[in-house]
Structure formats: C-alpha cells, structure tokens
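J.: Sharing my_file-v8.csv below, CSV, C-alpha atoms:
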```csv
chain,number,residue,atom,x,y,z
F,1,MET,CA,118.8,262.2,-131.5
F,2,ALA,CA,116.8,265.2,-132.9
F,3,ALA,CA,117.7,264.3,-136.5
F,4,HIS,CA,116.2,260.8,-136.2
F,5,ASP,CA,113.2,261.5,-133.9
F,6,GLY,CA,110.9,261.1,-137.0
F,7,LEU,CA,112.2,257.6,-137.3
F,8,VAL,CA,111.1,256.9,-133.8
F,9,GLN,CA,107.6,258.2,-134.5
F,10,VAL,CA,107.3,256.1,-137.6
F,11,VAL,CA,108.4,252.9,-135.7
F,12,VAL,CA,106.1,253.6,-132.8
F,13,ARG,CA,103.0,254.3,-135.0
F,14,ARG,CA,103.5,250.9,-136.6
F,15,GLN,CA,103.6,249.0,-133.4
F,16,HIS,CA,100.8,247.5,-131.4
F,17,LEU,CA,101.0,249.4,-128.1
F,18,GLY,CA,98.3,247.7,-126.1
F,19,PRO,CA,98.0,249.4,-122.7
F,20,LEU,CA,101.2,251.5,-123.3
F,21,ARG,CA,100.5,255.2,-123.7
F,22,PHE,CA,101.8,256.7,-126.9
F,23,ALA,CA,103.9,259.2,-125.1
F,24,ASP,CA,105.6,256.4,-123.1
F,25,ALA,CA,106.1,254.4,-126.3
F,26,LEU,CA,107.9,257.4,-127.8
F,27,GLN,CA,110.1,257.7,-124.8
F,28,SER,CA,111.0,254.0,-125.0
F,29,GLY,CA,111.6,254.4,-128.7
F,30,ARG,CA,114.0,257.3,-128.1
F,31,ILE,CA,115.9,255.1,-125.6
F,32,GLY,CA,116.2,252.5,-128.4
F,33,LEU,CA,117.4,255.2,-130.7
F,34,TRP,CA,120.1,256.2,-128.2
F,35,HIS,CA,121.3,252.6,-128.0
F,36,ALA,CA,121.4,252.5,-131.8
F,37,ILE,CA,123.5,255.7,-131.9
F,38,MET,CA,125.9,254.3,-129.4
F,39,GLY,CA,126.2,251.0,-131.2
F,40,TYR,CA,126.2,252.1,-134.8
F,41,ASP,CA,129.4,251.4,-136.9
F,42,PRO,CA,129.2,253.3,-140.2
F,43,HIS,CA,132.1,251.2,-141.6
F,44,ARG,CA,129.9,248.1,-141.8
F,45,GLY,CA,128.1,249.6,-144.7
F,46,TYR,CA,124.5,249.7,-143.3
F,47,ALA,CA,122.4,252.8,-143.4
F,48,PHE,CA,121.8,254.2,-139.9
F,49,SER,CA,118.0,253.9,-140.3
F,50,THR,CA,118.3,250.2,-141.2
F,51,TYR,CA,120.4,249.6,-138.1
F,52,ALA,CA,118.3,251.8,-135.8
F,53,TRP,CA,114.8,250.5,-136.7
F,54,PRO,CA,115.1,247.1,-134.9
F,55,CYS,CA,116.8,248.8,-131.9
F,56,ILE,CA,113.9,251.2,-131.6
F,57,ALA,CA,111.2,248.5,-132.2
F,58,ARG,CA,112.9,246.1,-129.6
F,59,GLN,CA,112.8,248.8,-126.9
F,60,VAL,CA,109.2,249.6,-127.7
F,61,TRP,CA,108.2,245.9,-127.6
F,62,SER,CA,109.9,245.6,-124.2
F,63,ALA,CA,107.9,248.6,-122.9
F,64,VAL,CA,104.6,247.1,-124.3
F,65,GLU,CA,105.3,243.8,-122.6
F,66,GLN,CA,106.0,245.5,-119.3
F,67,ALA,CA,102.8,247.6,-119.6
F,68,GLU,CA,100.8,244.5,-120.3
F,69,ARG,CA,102.3,242.8,-117.2
F,70,ASP,CA,101.5,245.8,-115.1
F,71,ASP,CA,98.0,246.0,-116.5
F,72,GLN,CA,97.4,242.3,-115.7
F,73,ARG,CA,98.8,242.8,-112.2
F,74,GLY,CA,96.4,245.7,-111.8
F,75,LEU,CA,93.5,243.5,-112.8
F,76,GLN,CA,94.6,240.8,-110.4
F,77,GLU,CA,94.9,243.3,-107.6
F,78,SER,CA,91.4,244.8,-108.3
F,79,ASP,CA,89.9,241.3,-108.4
F,80,ALA,CA,91.6,240.3,-105.2
F,81,ILE,CA,90.5,243.6,-103.5
F,82,ALA,CA,86.9,242.9,-104.6
F,83,ARG,CA,87.0,239.3,-103.3
F,84,ILE,CA,88.6,240.2,-100.0
F,85,ALA,CA,86.5,243.3,-99.4
F,86,ALA,CA,83.4,241.1,-99.7
F,87,VAL,CA,84.4,239.0,-96.7
F,88,CYS,CA,86.0,241.8,-94.6
F,89,PRO,CA,83.6,242.2,-91.6
F,90,ASP,CA,84.3,245.9,-91.2
F,91,GLY,CA,84.4,246.6,-94.9
F,92,ASP,CA,87.7,248.5,-94.5
F,93,PRO,CA,88.9,249.3,-98.0
F,94,PHE,CA,92.5,249.9,-96.8
F,95,ALA,CA,92.6,246.5,-95.0
F,96,ALA,CA,91.2,244.9,-98.2
F,97,ALA,CA,93.8,246.6,-100.4
F,98,GLU,CA,96.6,245.5,-98.1
F,99,ALA,CA,95.4,241.9,-98.0
F,100,ALA,CA,95.0,241.9,-101.8
F,101,ALA,CA,98.5,243.2,-102.3
F,102,ILE,CA,99.8,240.3,-100.1
F,103,CYS,CA,97.7,237.7,-102.1
F,104,VAL,CA,99.1,239.1,-105.4
F,105,ALA,CA,102.7,239.1,-104.1
F,106,LEU,CA,102.3,235.5,-102.9
F,107,ALA,CA,100.9,234.4,-106.2
F,108,ASP,CA,103.7,236.2,-108.1
F,109,LEU,CA,106.2,234.4,-105.8
F,110,VAL,CA,104.7,231.0,-106.4
F,111,ALA,CA,104.5,231.7,-110.1
F,112,ARG,CA,108.3,232.2,-110.3
F,113,LEU,CA,109.1,228.8,-108.8
F,114,PRO,CA,110.9,226.4,-111.1
F,115,GLN,CA,108.3,224.1,-112.8
F,116,PRO,CA,108.6,220.9,-110.7
F,117,LEU,CA,108.6,222.9,-107.4
F,118,HIS,CA,105.8,225.1,-108.6
F,119,ASP,CA,103.5,222.1,-109.4
F,120,VAL,CA,104.1,220.6,-106.0
F,121,ILE,CA,103.2,223.8,-104.1
F,122,VAL,CA,100.1,224.5,-106.3
F,123,LEU,CA,98.7,221.0,-105.9
F,124,HIS,CA,99.6,220.5,-102.2
F,125,ALA,CA,98.3,223.9,-101.2
F,126,GLY,CA,95.2,223.7,-103.5
F,127,LEU,CA,96.0,226.8,-105.5
F,128,ASP,CA,94.9,227.9,-109.0
F,129,GLY,CA,91.5,226.1,-108.5
F,130,TYR,CA,93.0,222.7,-107.6
F,131,PRO,CA,91.8,220.9,-104.5
F,132,PRO,CA,94.5,220.4,-101.9
F,133,GLN,CA,96.3,217.0,-102.4
F,134,SER,CA,98.6,215.0,-100.2
F,135,LEU,CA,102.2,214.6,-101.2
F,136,ALA,CA,101.7,210.9,-101.6
F,137,SER,CA,98.8,211.5,-104.0
F,138,ILE,CA,100.8,213.9,-106.1
F,139,GLY,CA,103.7,211.4,-106.1
F,140,ARG,CA,101.5,208.7,-107.4
F,141,SER,CA,100.2,210.9,-110.2
F,142,VAL,CA,103.8,211.6,-111.5
F,143,GLY,CA,105.4,208.3,-110.7
F,144,LEU,CA,107.4,209.4,-107.7
F,145,THR,CA,107.6,208.1,-104.1
F,146,ARG,CA,106.1,209.9,-101.2
F,147,GLU,CA,109.6,210.4,-99.8
F,148,ARG,CA,110.8,212.0,-103.1
F,149,MET,CA,107.8,214.3,-103.1
F,150,ARG,CA,108.6,215.4,-99.6
F,151,GLN,CA,112.1,216.3,-100.7
F,152,VAL,CA,110.7,218.3,-103.7
F,153,HIS,CA,108.3,220.1,-101.3
F,154,VAL,CA,111.2,221.0,-99.0
F,155,ASP,CA,113.2,222.3,-101.9
F,156,ALA,CA,110.2,224.5,-102.9
F,157,LEU,CA,109.8,225.9,-99.4
F,158,ILE,CA,113.5,226.7,-99.2
F,159,TRP,CA,113.3,228.4,-102.6
F,160,LEU,CA,110.3,230.5,-101.4
F,161,ARG,CA,112.2,231.5,-98.3
F,162,GLN,CA,115.3,232.8,-100.0
F,163,PRO,CA,115.7,236.6,-99.5
F,164,ALA,CA,116.2,237.2,-103.2
F,165,HIS,CA,112.8,235.7,-103.9
F,166,SER,CA,110.7,236.6,-100.9
F,167,GLN,CA,111.8,240.2,-100.2
F,168,HIS,CA,108.7,241.9,-101.6
F,169,LEU,CA,106.3,239.6,-99.8
F,170,ARG,CA,108.2,239.8,-96.5
F,171,SER,CA,108.2,243.6,-96.8
F,172,LEU,CA,104.4,243.6,-97.1
F,173,LEU,CA,104.2,241.3,-94.1
F,174,GLY,CA,106.6,243.3,-92.0
F,175,ARG,CA,109.0,240.3,-91.8
F,176,HIS,CA,111.9,241.9,-93.6
F,177,THR,CA,114.5,242.3,-90.8
F,178,LEU,CA,117.8,240.5,-90.5
F,179,ALA,CA,116.5,238.5,-87.6
F,180,ASP,CA,113.6,237.3,-89.8
F,181,TYR,CA,115.9,236.1,-92.5
F,182,GLN,CA,118.2,234.4,-90.0
F,183,ARG,CA,115.2,232.5,-88.6
F,184,ALA,CA,114.1,231.5,-92.1
F,185,GLN,CA,117.7,230.4,-92.9
F,186,ALA,CA,117.8,228.3,-89.7
F,187,GLN,CA,114.5,226.7,-90.6
F,188,SER,CA,115.8,225.9,-94.1
F,189,ASP,CA,119.0,224.5,-92.7
F,190,ALA,CA,117.0,222.3,-90.3
F,191,TRP,CA,114.8,221.0,-93.2
F,192,LEU,CA,117.9,220.2,-95.3
F,193,GLU,CA,119.6,218.4,-92.4
F,194,ARG,CA,116.4,216.3,-91.7
F,195,ARG,CA,116.2,215.5,-95.4
F,196,ARG,CA,119.8,214.5,-95.5
F,197,ARG,CA,119.2,212.1,-92.6
F,198,GLY,CA,116.2,210.6,-94.6
F,199,HIS,CA,113.3,212.0,-92.5
F,200,GLY,CA,111.8,214.0,-95.4
F,201,ARG,CA,110.4,216.9,-93.3
```
Just give me the structure of the file as structure tokens.
T.:
Amino acid sequence: MAAHDGLVQVVVRRQHLGPLRFADALQSGRIGLWHAIMGYDPHRGYAFSTYAWPCIARQVWSAVEQAERDDQRGLQESDAIARIAAVCPDGDPFAAAEAAAICVALADLVARLPQPLHDVIVLHAGLDGYPPQSLASIGRSVGLTRERMRQVHVDALIWLRQPAHSQHLRSLLGRHTLADYQRAQAQSDAWLERRRRGHGR
C-alpha cells in the first residue's frame, strides 16, 4: 500500500472530484488500490500499475457520484426547509426541518418506483409540477383502460408500502413497528384480493 500511494495521488489529481473533498478522494483511491492488490495476478504479464489504475479510478468515480448525490440531496432538503418554513405558522425551524426530511424521503421513495408505476403516481398525485389527473385521464393518454390504470395504481401503492422500500420514510413518520407493517400488508392483501375479483380498488 505504501509503495503505491503515489499512484493513488496521481490518479486522484487527474479526476474531476466535484463536491468530493480531496482527502476523501484519496481515501477512496486507497480502497481501490487495496482491491487491486488483492486481485492482481503477476502471472498474467501486466504491470501492477497498469492493473491498479482503473481499480483506483473506479473507486474514486464511485465516491464522486455518491458525493454528488449527497450534495443534491442536501440542496433538496435546504429548498424544502425554506419552502416549508415559509408556511409554518410558528416559524419553528426544527418542525420545518423535520417536515422537509419527510418530503425529501417521500420524493426519493417515489423516484425509485419502476417507470410505469412511477408515472402513474406522479400524474395521479400531481407531483413534479404536474396537475393531478384522474386514472381514467392518464389511461386515455397512454392507451389503457381505466380498469388497467387502477391495477397499475394499486401495484404502485403496494410497492411503496413494502418494508424494503418504505423503511426510511416510516422511521421518520414513527410508523416503523411490526404492527404498522402488518397493517400495511393487510391493506395490500385486501387491494390485491379486490383487484383479483375485478373491482380495481
């Protein structure tokens, strides 16, 4: 590790780091160097530096991408806090920050929906600047029946309720107990049963 630390510094200095601090980039590069050391096979005829360079660069790129996502999330939270604080009657900054965190978590959750489900939730709820639309209207725009749009909407709600997806948001809302998840599962099962019987909702 010590013998090749100079290689890490060379790779890092040639990368666009964006919001990632230089010290953090070096640390990520050293992790990449460690992976290179563990995976290097001298019998293949490659110089170690040739093998290690992309390993280091890949680790740094990954850290830069994460830093950019964190930076964007921070901007979203700051913007949400500012918007919510403006309408909080008591001007409580802690309440505004809590509400903003919930808004950002909900937006992140919706953003992770598979594309057809995401589009239905965004259009039906009026998110991302769209006016709220009925399921029938959304169905007409994409050539699907109202019944089929109801089924897609139910699929989206079930996806959003799954513990693996909603854990962070539920923690913020204080709805993270076993009983909460059991109620959510019971609701999802009821939706699926009604859909199976052809009632849509």
J.: Would you mind telling me which residue in F:Gly139, F:Ser166, F:Ala156, F:Arg21 lies nearest to Tyr181 of chain F when using all atoms listed in the file?
T.: F:Ser166
J.: Neighbours of Trp53 of chain F within 10 Å (all atoms listed in the file; same-chain residues fewer than 4 positions away dropped), as a PyMOL selection string?
T.: chain F and resi 7-8+10-11+29+32-33+36+48-49+57-58
J.: Mind giving me the straight-line distance from atom CA of Tyr130 of chain F to atom CA of Leu172 of chain F in Å, one decimal?
T.: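 That distance, rounded to one decimal, is 26.0 Å.
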J.: For Ala23 of chain F, please output as a list in words all residues within 12 Å (counting all atoms listed in the file; exclusion window: fewer than 3 positions along the same chain).
T.: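 Returned residues: Val8, Gln9, Val12, Arg13, Leu17, Pro19, Leu20, Leu26, Gln27, Ser28, Gly29, Arg30, Val60 and Ala63 of chain F.
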J.: Expressed in Å to a single decimal, how great is the separation between atom CA of Gln151 of chain F and atom CA of Arg183 of chain F?
T.: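 Spanning atom CA of Gln151 of chain F to atom CA of Arg183 of chain F is a straight-line distance of 20.5 Å.
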J.: Using all atoms listed in the file, can you tell me which of F:Ala105, F:Ala47, F:Leu173, F:Leu157 comes closest to Gln185 of chain F?
T.: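 Looking only at the distances to Gln185 of chain F, the closest residue turns out to be F:Leu157.
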J.: Quick one: distance from atom CA of Ala107 of chain F to atom CA of Gly143 of chain F in Å, one decimal?
T.: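 Result for atom CA of Ala107 of chain F versus atom CA of Gly143 of chain F: 26.9 Å, one decimal.
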J.: Could you check the closest approach to Ala125 of chain F for each of F:Ala97, F:Val110, F:Leu144, F:Ala184 and tell me which residue wins, using only C-alpha atoms?
T.: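 Closest candidate: F:Val110.
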J.: Excluding segment 116-124 of chain F and any residue of its chain fewer than 4 positions from it, enumerate the residues within 7 Å of it, using only C-alpha atoms, and give them as a PDB file with C-alpha atoms, in the coordinates of the input.
T.:
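Final file, part_2.pdb:
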```pdb
ATOM      1  CA  VAL F 110     104.700 231.000-106.400  1.00  0.00           C
ATOM      2  CA  ALA F 111     104.500 231.700-110.100  1.00  0.00           C
ATOM      3  CA  ASP F 128      94.900 227.900-109.000  1.00  0.00           C
ATOM      4  CA  TYR F 130      93.000 222.700-107.600  1.00  0.00           C
ATOM      5  CA  PRO F 132      94.500 220.400-101.900  1.00  0.00           C
ATOM      6  CA  GLN F 133      96.300 217.000-102.400  1.00  0.00           C
ATOM      7  CA  SER F 134      98.600 215.000-100.200  1.00  0.00           C
ATOM      8  CA  LEU F 135     102.200 214.600-101.200  1.00  0.00           C
ATOM      9  CA  VAL F 152     110.700 218.300-103.700  1.00  0.00           C
ATOM     10  CA  HIS F 153     108.300 220.100-101.300  1.00  0.00           C
ATOM     11  CA  ALA F 156     110.200 224.500-102.900  1.00  0.00           C
TER      12      ALA F 156
END
```
J.: Please provide the set of residues having any atom within 12 Å of Ala164 of chain F, restricted to all atoms listed in the file, with same-chain residues fewer than 6 positions apart removed, written as a PDB file with C-alpha atoms, in the coordinates of the input.
T.:
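See selection-v5.pdb below for the written result:
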```
ATOM      1  CA  LEU F 109     106.200 234.400-105.800  1.00  0.00           C
ATOM      2  CA  ARG F 112     108.300 232.200-110.300  1.00  0.00           C
ATOM      3  CA  ILE F 158     113.500 226.700 -99.200  1.00  0.00           C
ATOM      4  CA  ARG F 170     108.200 239.800 -96.500  1.00  0.00           C
ATOM      5  CA  HIS F 176     111.900 241.900 -93.600  1.00  0.00           C
ATOM      6  CA  TYR F 181     115.900 236.100 -92.500  1.00  0.00           C
TER       7      TYR F 181
END
```
J.: In terms of the shortest atom-to-atom distance over only C-alpha atoms, which of F:Glu147, F:Thr177, F:Asp155, F:Ala101 is closest to Pro114 of chain F?
T.: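 The shortest atom-to-atom distance to Pro114 of chain F comes from F:Asp155.
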